[in-house]
Amino acid sequence: MSADLTTTLVVNGRTVTRTAGAHLSLLRWLRDVADVLDPKYACGEGVCGACAVLVDGEPVSSCIVLAAQVDGARVTTAAGLTGPGGELSPLQRAFHEHHAAQCGFCTPGMLICATAMLADGMTRTRDEIRHELHGNLCRCTGYQQVVDAIEAAQGAAQGAAQGAAQGIPP
Amino acid sequence: MSADEIRTSKVEELRVVHQPLPRHDQAEKIAGTTRYAGDLAFAGMLHARLVRSQVPSARLLRRDGSRALGVPGVVVVLFGEDVPNNEIRVDVPGQTVEVGALKATMQVLATERVRFHGEPIALVVAESEDALARACGLVEVEYEDLPVVSDPEEALREGAPAVHDTGNLLAEWNIDVGDVDAAFAAADVIVEGEYRTQFVDHAYLEPEAGVGWLDDDGVMNLRVATQVVEHYRDVARILGVADSKVRVIAPYLGGGFGGKEDMTVEPYLAIAVAHTRRPVRMQWTRNESLLARAKRHRNVMRYRTAAAADGTILAHDVEIVSDAGAYAYLSALVLLYSSVHACGPYRVDNARIRSKAAYTNNPPTSAFRGFGGMQVVLGYESQIDELATRLGVDPGELRKRNAIRRGDRLPVGQTIETEVLLAETIDAVRDRAGDPPRPSGPRKVVGRAIASNLQSYGRLVWLNDSAAAWVGYQMDGSLTVRCGVPDVGGGQASSLAQIASEVLGVDMDRISVHFGDSALTPLAGTTTATRQLLMSGNAVYEAAMLLKDQVLGAIAAETAQPVESLLLAPGGVASAGRTVPLAQALQVCRRRNVPIEALGTFFGPKGREVTRDLSGERIFPDFTFGTHLADVEVDLDTGQVRVLRYVAAHDVGRAINPKSVEGQIAGAAVQGIGQALLEEIVVEDGVNLTGGFFQYLIPTAADVPDIEVVVLESGEGLGPFGARGVGEPPIGPPLAAISSAIAAAVGARPTTLPITPERVLDAAARGGA
């Protein structure tokens, strides 16, 4: 057990300051202290990706990082990908249309890593998507519809980008 | 509604069913707002954790919680003596002939004896997780080690250490049909093989979790990750209270696959709440989940198969020994499934099947997707491929020659009464796959194989299965469905909305499904055994049809038109040339005292109770058939196997939601590939060595290729609109498709799972590759 520590994080755009045990992982800090529940505990050792969040834009397994280590950071969880009215992002919409969630427990982490993957605007083959997704375990889908969704989302993003370049409104 | 009626459907007439609609539950899951079992919290909530046995077999000399109680924040440390009825019962009829009725028990918390590594001994309840973490290590348990038996065949030998006083034989089933010895004597070719499967973990992403609390009427509420809300009765028995005083709620599950069919956190939460009168949460760690929750049975399967020169299968002689682990759980029934499915989807006139499940000091084994019907696919399909090789016959043609058709009888005596598209699934995977692959390098070899299977859907017919559902209009014309089905992630609730929408013409986004609550939703039974589409689907169909008849009847009476001239369409009741808006139609019902809700109960097919000697009986409602094809490449230097291509075809009867069907098939296929190549719970002398996901390897996205799914629809299932169950059937074929493809590549067959690189290289050495 450790002394308490005050940590401030910007979680999904909201500044959250909490005083809690310095030993708390970022995952426990988010779930047990800050009531941010969409990152999931599933393995506790950084293997499965269910707890993945973006820390200053980079995907991180929040179960193996201490909250205190990232004090002051911007943290984005899957719930933070939705718009102000709760509307799904284009990637989330692709997940919905392609049935990329079955039980949904791995989905928040999947979405975070897919968001990070697509951030560079590159178009990936299905094999490349599979390779980059290897840190996110899913036991329901066999990954088929997850890859379908990410492939479609990058296509849609490309289409939108090309449209914008040609002056076509989205 | 008759249990065996086929509710056929014409695809062109379906409006909502058969559409690949996005599932309503997925939107919330994707938005990150779904509240799973471990996500709920109450003010003043306590936390609970188990202290588990560190040894596989011992007498408990001393259990002492006093040091743990000294940790600040610890509220109570409970032992078996604190549990009102410290017993969980398993009662399996059918084992009555010689070994006596199977009335197995296990303790909720062990008091005198532990039989497996991880068995619960004490329950610690504290104000915080941190206090728990400190206190659990301070509960003192003194063990006197007892002999360990960790091999099921050894356990059945004379003089083996007794796991239970009743002996180590937990269950046995026999099937005898025809004259096996004569068939072998007359055979042109005989193939023998021994196949071994391993302990497998469900490895759902959501570990076991739940929250319990007492409500204002003193009812014990348990909101837990479970596939079975009916465990409220088991909890009531343990607490010594009336069944009506316990309520189990199943929120959306983070995966089940059979691992949440037996109770996990339920009794412990209930005991902790009963003792503290405060809300309590319990969340198992991944380590606990891997250590102590029941696994898939490891089986030893010895097959002798006789065939004629033309490829006709003459006889199977099968011996199965299954490792039941330390406690009964559902092992007797799992073994029954192994026995009934042991000869595969083929006509076999002569069969002798001897199966036994033995207690060991290994982790208990119980339900897991495929439920004993899947391990045997490795046995019978390996045998078929070996036969094809010996006879020089194409493996697909050999299968088609022996494939079950409508009207054929399984060795157990059950006649298949629905259309079977097995041969079509064989053609489908081959057509889809096209030309076989070429090796990518000089020390690489490739192989292609197919594997077919059958898998039951619906519970054993002598269990008198039933499911109920309530469907009711709101006055604005929106619709509420209540059904006790737990939604494990396969779209169970969403499918019910699709069925109700189809029958009643209400848009999907105006339907809410309330599910999985043993107190407030009509009981629908377990989400197991690929039964929910058959059972709850038919219950909702029945309720919706009743409701439709009520509304149409009221409008017919009101407008003095024959009821046959009326149609319940989106928007209202249509008759020649005009539509009564739904809201108005509902007002008419109210005025005429016609209910605008209905309760539907579906009773599954019935059968007689089985005896240990299975013969001449219908065992299951029906079966789902399919074929998978695998292309693999083997690296002859490293033994690495790459699955290049994977195609899976099943006759699903009718796809209620084609996207959900594809998701079930792809997901099951990858689980099966994981069992074939990667996964194993390693147990040595009863000590479970598999502690985390860094050791227990399930397939990642990079380990598997696209799963190409071919959906065939005979329209002949017993579910609504002619649907067959599809949750379990696709998990079996990968075991054989992968191992046979490796055999095709390297020239000899790996027969023990998982097929590690070492086993691949061993097969390659035998095969001369």
# chains A, B, ... in the order shown; residues from 1 in each chain; ligands from 1
>>> residues_around(residues="Gly135 of chain A", least_positions_apart="3", cutoff="8 Å", atoms="only C-alpha atoms", output="MDAnalysis selection string")
(chainID A and resid 47:49 132) or (chainID B and resid 700)
>>> write_last_selection(atoms="N, CA, C and O atoms", output="PDB file, in the first residue's frame")
ATOM      1  N   VAL A  47      -1.619  -7.678 -21.988  1.00  0.00           N
ATOM      2  CA  VAL A  47      -1.617  -8.615 -23.113  1.00  0.00           C
ATOM      3  C   VAL A  47      -2.819  -8.425 -24.036  1.00  0.00           C
ATOM      4  O   VAL A  47      -2.707  -8.552 -25.248  1.00  0.00           O
ATOM      5  N   CYS A  48      -3.992  -8.100 -23.478  1.00  0.00           N
ATOM      6  CA  CYS A  48      -5.231  -8.280 -24.244  1.00  0.00           C
ATOM      7  C   CYS A  48      -5.779  -7.008 -24.882  1.00  0.00           C
ATOM      8  O   CYS A  48      -6.594  -7.080 -25.798  1.00  0.00           O
ATOM      9  N   GLY A  49      -5.392  -5.837 -24.406  1.00  0.00           N
ATOM     10  CA  GLY A  49      -5.843  -4.608 -25.038  1.00  0.00           C
ATOM     11  C   GLY A  49      -7.227  -4.127 -24.645  1.00  0.00           C
ATOM     12  O   GLY A  49      -7.680  -3.087 -25.134  1.00  0.00           O
ATOM     13  N   GLU A 132      -1.548  -5.126 -37.170  1.00  0.00           N
ATOM     14  CA  GLU A 132      -1.519  -4.013 -36.213  1.00  0.00           C
ATOM     15  C   GLU A 132      -2.524  -4.197 -35.085  1.00  0.00           C
ATOM     16  O   GLU A 132      -2.458  -3.537 -34.060  1.00  0.00           O
TER      17      GLU A 132
ATOM     18  N   THR B 700      -4.753 -14.297 -32.056  1.00  0.00           N
ATOM     19  CA  THR B 700      -4.901 -12.869 -32.314  1.00  0.00           C
ATOM     20  C   THR B 700      -5.372 -12.699 -33.760  1.00  0.00           C
ATOM     21  O   THR B 700      -5.417 -13.661 -34.534  1.00  0.00           O
TER      22      THR B 700
END
>>> residues_around(residues="Gly13 of chain A", least_positions_apart="5", cutoff="8 Å", atoms="only C-alpha atoms", output="list in words")
Arg74, Thr76 and Gly80 of chain A
>>> select_by_dssp(residues="segment 7-160 of chain A", states="helix (DSSP H, G or I)", output="VMD selection string")
chain A and resid 26 to 33 62 to 64 67 to 70 78 to 81 90 to 97 107 to 118 126 to 132 144 to 160
>>> interface_residues(of="chain A", to="chain B", cutoff="8 Å", atoms="only C-alpha atoms", output="PyMOL selection string")
chain A and resi 1+37-38+41-45+47-48+50+78-79+81-82+86+88+92+95-99+101-108+111+127+130-145
>>> atom_distance(atom1="atom CA of Arg438 of chain B", atom2="atom CA of Leu629 of chain B")
16.0 Å
>>> select_by_dssp(residues="segment 48-81 of chain B", states="strand (DSSP E or B)", output="ChimeraX atom specification")
/B:48-52,58-64,74-78
>>> write_last_selection(atoms="N, CA, C and O atoms", output="compact mmCIF listing (two decimals), in the first residue's frame")
# COMPACT_ATOMS: atom_id res chain seq x y z
N ALA B 48 -15.41 -8.47 -2.22
CA ALA B 48 -15.17 -9.82 -1.70
C ALA B 48 -14.19 -10.57 -2.59
O ALA B 48 -14.15 -10.34 -3.81
N ARG B 49 -13.42 -11.44 -1.97
CA ARG B 49 -12.46 -12.25 -2.73
C ARG B 49 -12.29 -13.60 -2.05
O ARG B 49 -12.40 -13.70 -0.83
N LEU B 50 -11.99 -14.60 -2.86
CA LEU B 50 -11.83 -15.95 -2.34
C LEU B 50 -10.37 -16.26 -2.02
O LEU B 50 -9.47 -15.82 -2.72
N VAL B 51 -10.20 -17.03 -0.95
CA VAL B 51 -8.90 -17.64 -0.68
C VAL B 51 -9.01 -19.07 -1.20
O VAL B 51 -9.92 -19.81 -0.81
N ARG B 52 -8.10 -19.44 -2.06
CA ARG B 52 -8.21 -20.71 -2.76
C ARG B 52 -7.08 -21.66 -2.38
O ARG B 52 -5.99 -21.23 -2.01
N ALA B 58 -5.59 -32.34 -0.54
CA ALA B 58 -5.10 -32.26 0.84
C ALA B 58 -6.26 -32.31 1.82
O ALA B 58 -7.41 -32.01 1.48
N ARG B 59 -5.91 -32.70 3.05
CA ARG B 59 -6.82 -32.54 4.17
C ARG B 59 -6.54 -31.16 4.76
O ARG B 59 -5.38 -30.72 4.81
N LEU B 60 -7.59 -30.48 5.17
CA LEU B 60 -7.40 -29.15 5.76
C LEU B 60 -7.30 -29.32 7.26
O LEU B 60 -8.25 -29.73 7.92
N LEU B 61 -6.11 -29.02 7.80
CA LEU B 61 -5.90 -29.23 9.24
C LEU B 61 -6.32 -28.00 10.04
O LEU B 61 -6.78 -28.12 11.17
N ARG B 62 -6.15 -26.83 9.44
CA ARG B 62 -6.44 -25.62 10.19
C ARG B 62 -6.79 -24.51 9.21
O ARG B 62 -6.15 -24.35 8.16
N ARG B 63 -7.82 -23.76 9.52
CA ARG B 63 -8.18 -22.58 8.74
C ARG B 63 -8.37 -21.44 9.74
O ARG B 63 -9.14 -21.59 10.69
N ASP B 64 -7.69 -20.34 9.56
CA ASP B 64 -7.72 -19.28 10.57
C ASP B 64 -7.75 -17.91 9.89
O ASP B 64 -6.83 -17.55 9.15
N VAL B 74 -11.09 -4.78 6.76
CA VAL B 74 -11.68 -6.11 6.58
C VAL B 74 -12.92 -6.23 7.45
O VAL B 74 -12.89 -5.93 8.65
N VAL B 75 -14.02 -6.66 6.87
CA VAL B 75 -15.29 -6.72 7.58
C VAL B 75 -15.54 -8.11 8.15
O VAL B 75 -15.95 -8.27 9.29
N VAL B 76 -15.28 -9.13 7.33
CA VAL B 76 -15.54 -10.48 7.82
C VAL B 76 -14.73 -11.47 6.98
O VAL B 76 -14.41 -11.21 5.82
N VAL B 77 -14.35 -12.57 7.61
CA VAL B 77 -13.73 -13.70 6.91
C VAL B 77 -14.63 -14.90 7.15
O VAL B 77 -14.89 -15.26 8.30
N LEU B 78 -15.13 -15.46 6.07
CA LEU B 78 -16.13 -16.53 6.18
C LEU B 78 -15.55 -17.87 5.73
O LEU B 78 -14.76 -17.93 4.78
>>> residues_around(residues="segment 52-66 of chain A", least_positions_apart="2", cutoff="7 Å", atoms="only C-alpha atoms", output="PyMOL selection string")
chain A and resi 23-27+39+44-46+49-50+68-69+73-77+109+112-113+116
>>> atom_distance(atom1="atom CA of Glu633 of chain B", atom2="atom CA of Val445 of chain B")
5.6 Å
>>> atom_distance(atom1="atom CA of Ala765 of chain B", atom2="atom CA of Leu753 of chain B")
17.6 Å
>>> residues_around(residues="Ala34 of chain A", least_positions_apart="5", cutoff="9 Å", atoms="only C-alpha atoms", output="ChimeraX atom specification")
/A:16-18,28-29
>>> write_last_selection(atoms="N, CA and C atoms", output="mmCIF file, in the first residue's frame")
data_model
loop_
_atom_site.group_PDB
_atom_site.id
_atom_site.type_symbol
_atom_site.label_atom_id
_atom_site.label_comp_id
_atom_site.auth_asym_id
_atom_site.auth_seq_id
_atom_site.Cartn_x
_atom_site.Cartn_y
_atom_site.Cartn_z
ATOM 1 N N VAL A 16 -10.129 16.082 -14.669
ATOM 2 C CA VAL A 16 -10.493 15.295 -13.487
ATOM 3 C C VAL A 16 -9.309 15.286 -12.529
ATOM 4 N N THR A 17 -9.521 15.753 -11.328
ATOM 5 C CA THR A 17 -8.478 15.719 -10.299
ATOM 6 C C THR A 17 -8.955 14.829 -9.158
ATOM 7 N N ARG A 18 -8.141 13.845 -8.811
ATOM 8 C CA ARG A 18 -8.521 12.937 -7.730
ATOM 9 C C ARG A 18 -7.290 12.639 -6.868
ATOM 10 N N ARG A 28 -7.305 1.259 -12.941
ATOM 11 C CA ARG A 28 -8.063 1.323 -11.675
ATOM 12 C C ARG A 28 -8.417 2.761 -11.331
ATOM 13 N N TRP A 29 -7.522 3.659 -11.623
ATOM 14 C CA TRP A 29 -7.806 5.082 -11.350
ATOM 15 C C TRP A 29 -9.038 5.517 -12.150
#
>>> closest_atom_pairs(of="segment 349-436 of chain B", to="segment 143-166 of chain B", cutoff="9 Å", atoms="only C-alpha atoms", output="CSV")
residue,atom,partner,partner_atom,distance
B:Ala357,CA,B:Pro152,CA,7.6
B:Ala358,CA,B:Pro152,CA,5.3
B:Tyr359,CA,B:Val163,CA,6.3
B:Thr360,CA,B:Ser150,CA,5.2
B:Asn361,CA,B:Ser150,CA,5.4
B:Asn362,CA,B:Ser150,CA,5.8
>>> write_last_selection(atoms="all heavy atoms", output="PDB file, in the first residue's frame")
ATOM      1  N   ALA B 357     -16.226 -41.031 -17.761  1.00  0.00           N
ATOM      2  CA  ALA B 357     -15.646 -39.804 -17.220  1.00  0.00           C
ATOM      3  C   ALA B 357     -15.115 -40.114 -15.833  1.00  0.00           C
ATOM      4  O   ALA B 357     -15.814 -40.731 -15.022  1.00  0.00           O
ATOM      5  CB  ALA B 357     -16.681 -38.688 -17.160  1.00  0.00           C
ATOM      6  N   ALA B 358     -13.884 -39.705 -15.582  1.00  0.00           N
ATOM      7  CA  ALA B 358     -13.226 -40.046 -14.322  1.00  0.00           C
ATOM      8  C   ALA B 358     -12.891 -38.782 -13.534  1.00  0.00           C
ATOM      9  O   ALA B 358     -12.432 -37.789 -14.099  1.00  0.00           O
ATOM     10  CB  ALA B 358     -11.964 -40.832 -14.599  1.00  0.00           C
ATOM     11  N   TYR B 359     -13.096 -38.890 -12.226  1.00  0.00           N
ATOM     12  CA  TYR B 359     -12.613 -37.834 -11.329  1.00  0.00           C
ATOM     13  C   TYR B 359     -11.087 -37.870 -11.266  1.00  0.00           C
ATOM     14  O   TYR B 359     -10.476 -38.947 -11.223  1.00  0.00           O
ATOM     15  CB  TYR B 359     -13.129 -38.062  -9.916  1.00  0.00           C
ATOM     16  CG  TYR B 359     -14.580 -37.746  -9.664  1.00  0.00           C
ATOM     17  CD1 TYR B 359     -15.455 -38.722  -9.190  1.00  0.00           C
ATOM     18  CD2 TYR B 359     -15.063 -36.458  -9.852  1.00  0.00           C
ATOM     19  CE1 TYR B 359     -16.788 -38.429  -8.920  1.00  0.00           C
ATOM     20  CE2 TYR B 359     -16.393 -36.153  -9.579  1.00  0.00           C
ATOM     21  CZ  TYR B 359     -17.251 -37.135  -9.115  1.00  0.00           C
ATOM     22  OH  TYR B 359     -18.551 -36.835  -8.843  1.00  0.00           O
ATOM     23  N   THR B 360     -10.495 -36.684 -11.243  1.00  0.00           N
ATOM     24  CA  THR B 360      -9.058 -36.549 -10.994  1.00  0.00           C
ATOM     25  C   THR B 360      -8.873 -35.348 -10.064  1.00  0.00           C
ATOM     26  O   THR B 360      -9.854 -34.673  -9.725  1.00  0.00           O
ATOM     27  CB  THR B 360      -8.280 -36.269 -12.297  1.00  0.00           C
ATOM     28  OG1 THR B 360      -8.749 -35.022 -12.833  1.00  0.00           O
ATOM     29  CG2 THR B 360      -8.479 -37.370 -13.327  1.00  0.00           C
ATOM     30  N   ASN B 361      -7.642 -35.076  -9.697  1.00  0.00           N
ATOM     31  CA  ASN B 361      -7.369 -33.862  -8.914  1.00  0.00           C
ATOM     32  C   ASN B 361      -6.988 -32.679  -9.810  1.00  0.00           C
ATOM     33  O   ASN B 361      -6.247 -31.797  -9.420  1.00  0.00           O
ATOM     34  CB  ASN B 361      -6.256 -34.121  -7.898  1.00  0.00           C
ATOM     35  CG  ASN B 361      -6.687 -35.113  -6.837  1.00  0.00           C
ATOM     36  OD1 ASN B 361      -6.184 -36.224  -6.753  1.00  0.00           O
ATOM     37  ND2 ASN B 361      -7.666 -34.707  -6.033  1.00  0.00           N
ATOM     38  N   ASN B 362      -7.539 -32.698 -11.013  1.00  0.00           N
ATOM     39  CA  ASN B 362      -7.322 -31.596 -11.947  1.00  0.00           C
ATOM     40  C   ASN B 362      -8.438 -30.572 -11.792  1.00  0.00           C
ATOM     41  O   ASN B 362      -9.440 -30.829 -11.120  1.00  0.00           O
ATOM     42  CB  ASN B 362      -7.286 -32.139 -13.374  1.00  0.00           C
ATOM     43  CG  ASN B 362      -6.059 -33.001 -13.597  1.00  0.00           C
ATOM     44  OD1 ASN B 362      -5.003 -32.732 -13.018  1.00  0.00           O
ATOM     45  ND2 ASN B 362      -6.199 -34.033 -14.401  1.00  0.00           N
TER      46      ASN B 362
END
>>> closest_atom_pairs(of="segment 276-344 of chain B", to="segment 377-400 of chain B", cutoff="12 Å", atoms="only C-alpha atoms", output="CSV")
residue,atom,partner,partner_atom,distance
B:Asn299,CA,B:Gly379,CA,10.2
B:Val300,CA,B:Gly379,CA,9.5
B:Met301,CA,B:Gly379,CA,6.6
B:Arg302,CA,B:Gly379,CA,7.7
B:Tyr303,CA,B:Gly379,CA,6.8
B:Arg304,CA,B:Gln383,CA,8.1
B:Thr305,CA,B:Gln383,CA,7.0
B:Ala306,CA,B:Leu387,CA,8.8
B:Ala307,CA,B:Leu387,CA,7.8
B:Ala308,CA,B:Leu391,CA,9.3
B:Ala309,CA,B:Leu391,CA,6.9
B:Asp310,CA,B:Leu391,CA,8.1
B:Gly311,CA,B:Leu398,CA,6.0
B:Thr312,CA,B:Leu398,CA,7.8
B:Ile313,CA,B:Ile384,CA,8.8
B:Leu314,CA,B:Leu387,CA,11.7
B:Ala315,CA,B:Tyr380,CA,11.6
B:His316,CA,B:Tyr380,CA,8.9
B:Asp317,CA,B:Tyr380,CA,10.7
B:Val318,CA,B:Gly379,CA,9.1
B:Glu319,CA,B:Gly379,CA,10.5
B:Ile320,CA,B:Gly379,CA,10.0
B:Tyr337,CA,B:Val377,CA,11.7
B:Ser338,CA,B:Val377,CA,9.3
B:Ser339,CA,B:Val377,CA,11.4
B:Val340,CA,B:Val377,CA,11.8
B:His341,CA,B:Val377,CA,8.2
B:Ala342,CA,B:Tyr380,CA,6.8
B:Cys343,CA,B:Tyr380,CA,6.0
B:Gly344,CA,B:Tyr380,CA,6.2
>>> residues_around(residues="Ala743 of chain B", least_positions_apart="6", cutoff="8 Å", atoms="only C-alpha atoms", output="PDB file with N, CA, C and O atoms, in the first residue's frame")
ATOM      1  N   GLY B 447      -0.997 -27.955 -47.341  1.00  0.00           N
ATOM      2  CA  GLY B 447      -1.976 -29.035 -47.301  1.00  0.00           C
ATOM      3  C   GLY B 447      -3.371 -28.475 -47.218  1.00  0.00           C
ATOM      4  O   GLY B 447      -3.578 -27.382 -46.667  1.00  0.00           O
ATOM      5  N   ARG B 749      -0.067 -37.775 -39.528  1.00  0.00           N
ATOM      6  CA  ARG B 749      -1.130 -37.064 -38.827  1.00  0.00           C
ATOM      7  C   ARG B 749      -0.746 -36.717 -37.392  1.00  0.00           C
ATOM      8  O   ARG B 749      -0.389 -37.604 -36.609  1.00  0.00           O
ATOM      9  N   PRO B 750      -0.831 -35.435 -37.032  1.00  0.00           N
ATOM     10  CA  PRO B 750      -0.744 -35.115 -35.604  1.00  0.00           C
ATOM     11  C   PRO B 750      -2.069 -35.492 -34.949  1.00  0.00           C
ATOM     12  O   PRO B 750      -3.137 -35.184 -35.473  1.00  0.00           O
ATOM     13  N   ALA B 763       5.319 -35.106 -36.558  1.00  0.00           N
ATOM     14  CA  ALA B 763       4.512 -35.682 -37.647  1.00  0.00           C
ATOM     15  C   ALA B 763       5.302 -35.634 -38.951  1.00  0.00           C
ATOM     16  O   ALA B 763       5.277 -36.595 -39.738  1.00  0.00           O
TER      17      ALA B 763
END
>>> closest_residue(among="B:Val219, B:Val321, B:Leu169, B:Met535", to="Glu194 of chain B", atoms="only C-alpha atoms")
B:Val321
>>> residues_around(residues="Pro56 of chain B", least_positions_apart="5", cutoff="7 Å", atoms="only C-alpha atoms", output="number ranges by chain")
B: 114-117, 148, 361, 686-687
>>> residues_around(residues="Asp476 of chain B", least_positions_apart="4", cutoff="9 Å", atoms="only C-alpha atoms", output="NGL selection string")
:B and (582-583 or 586)
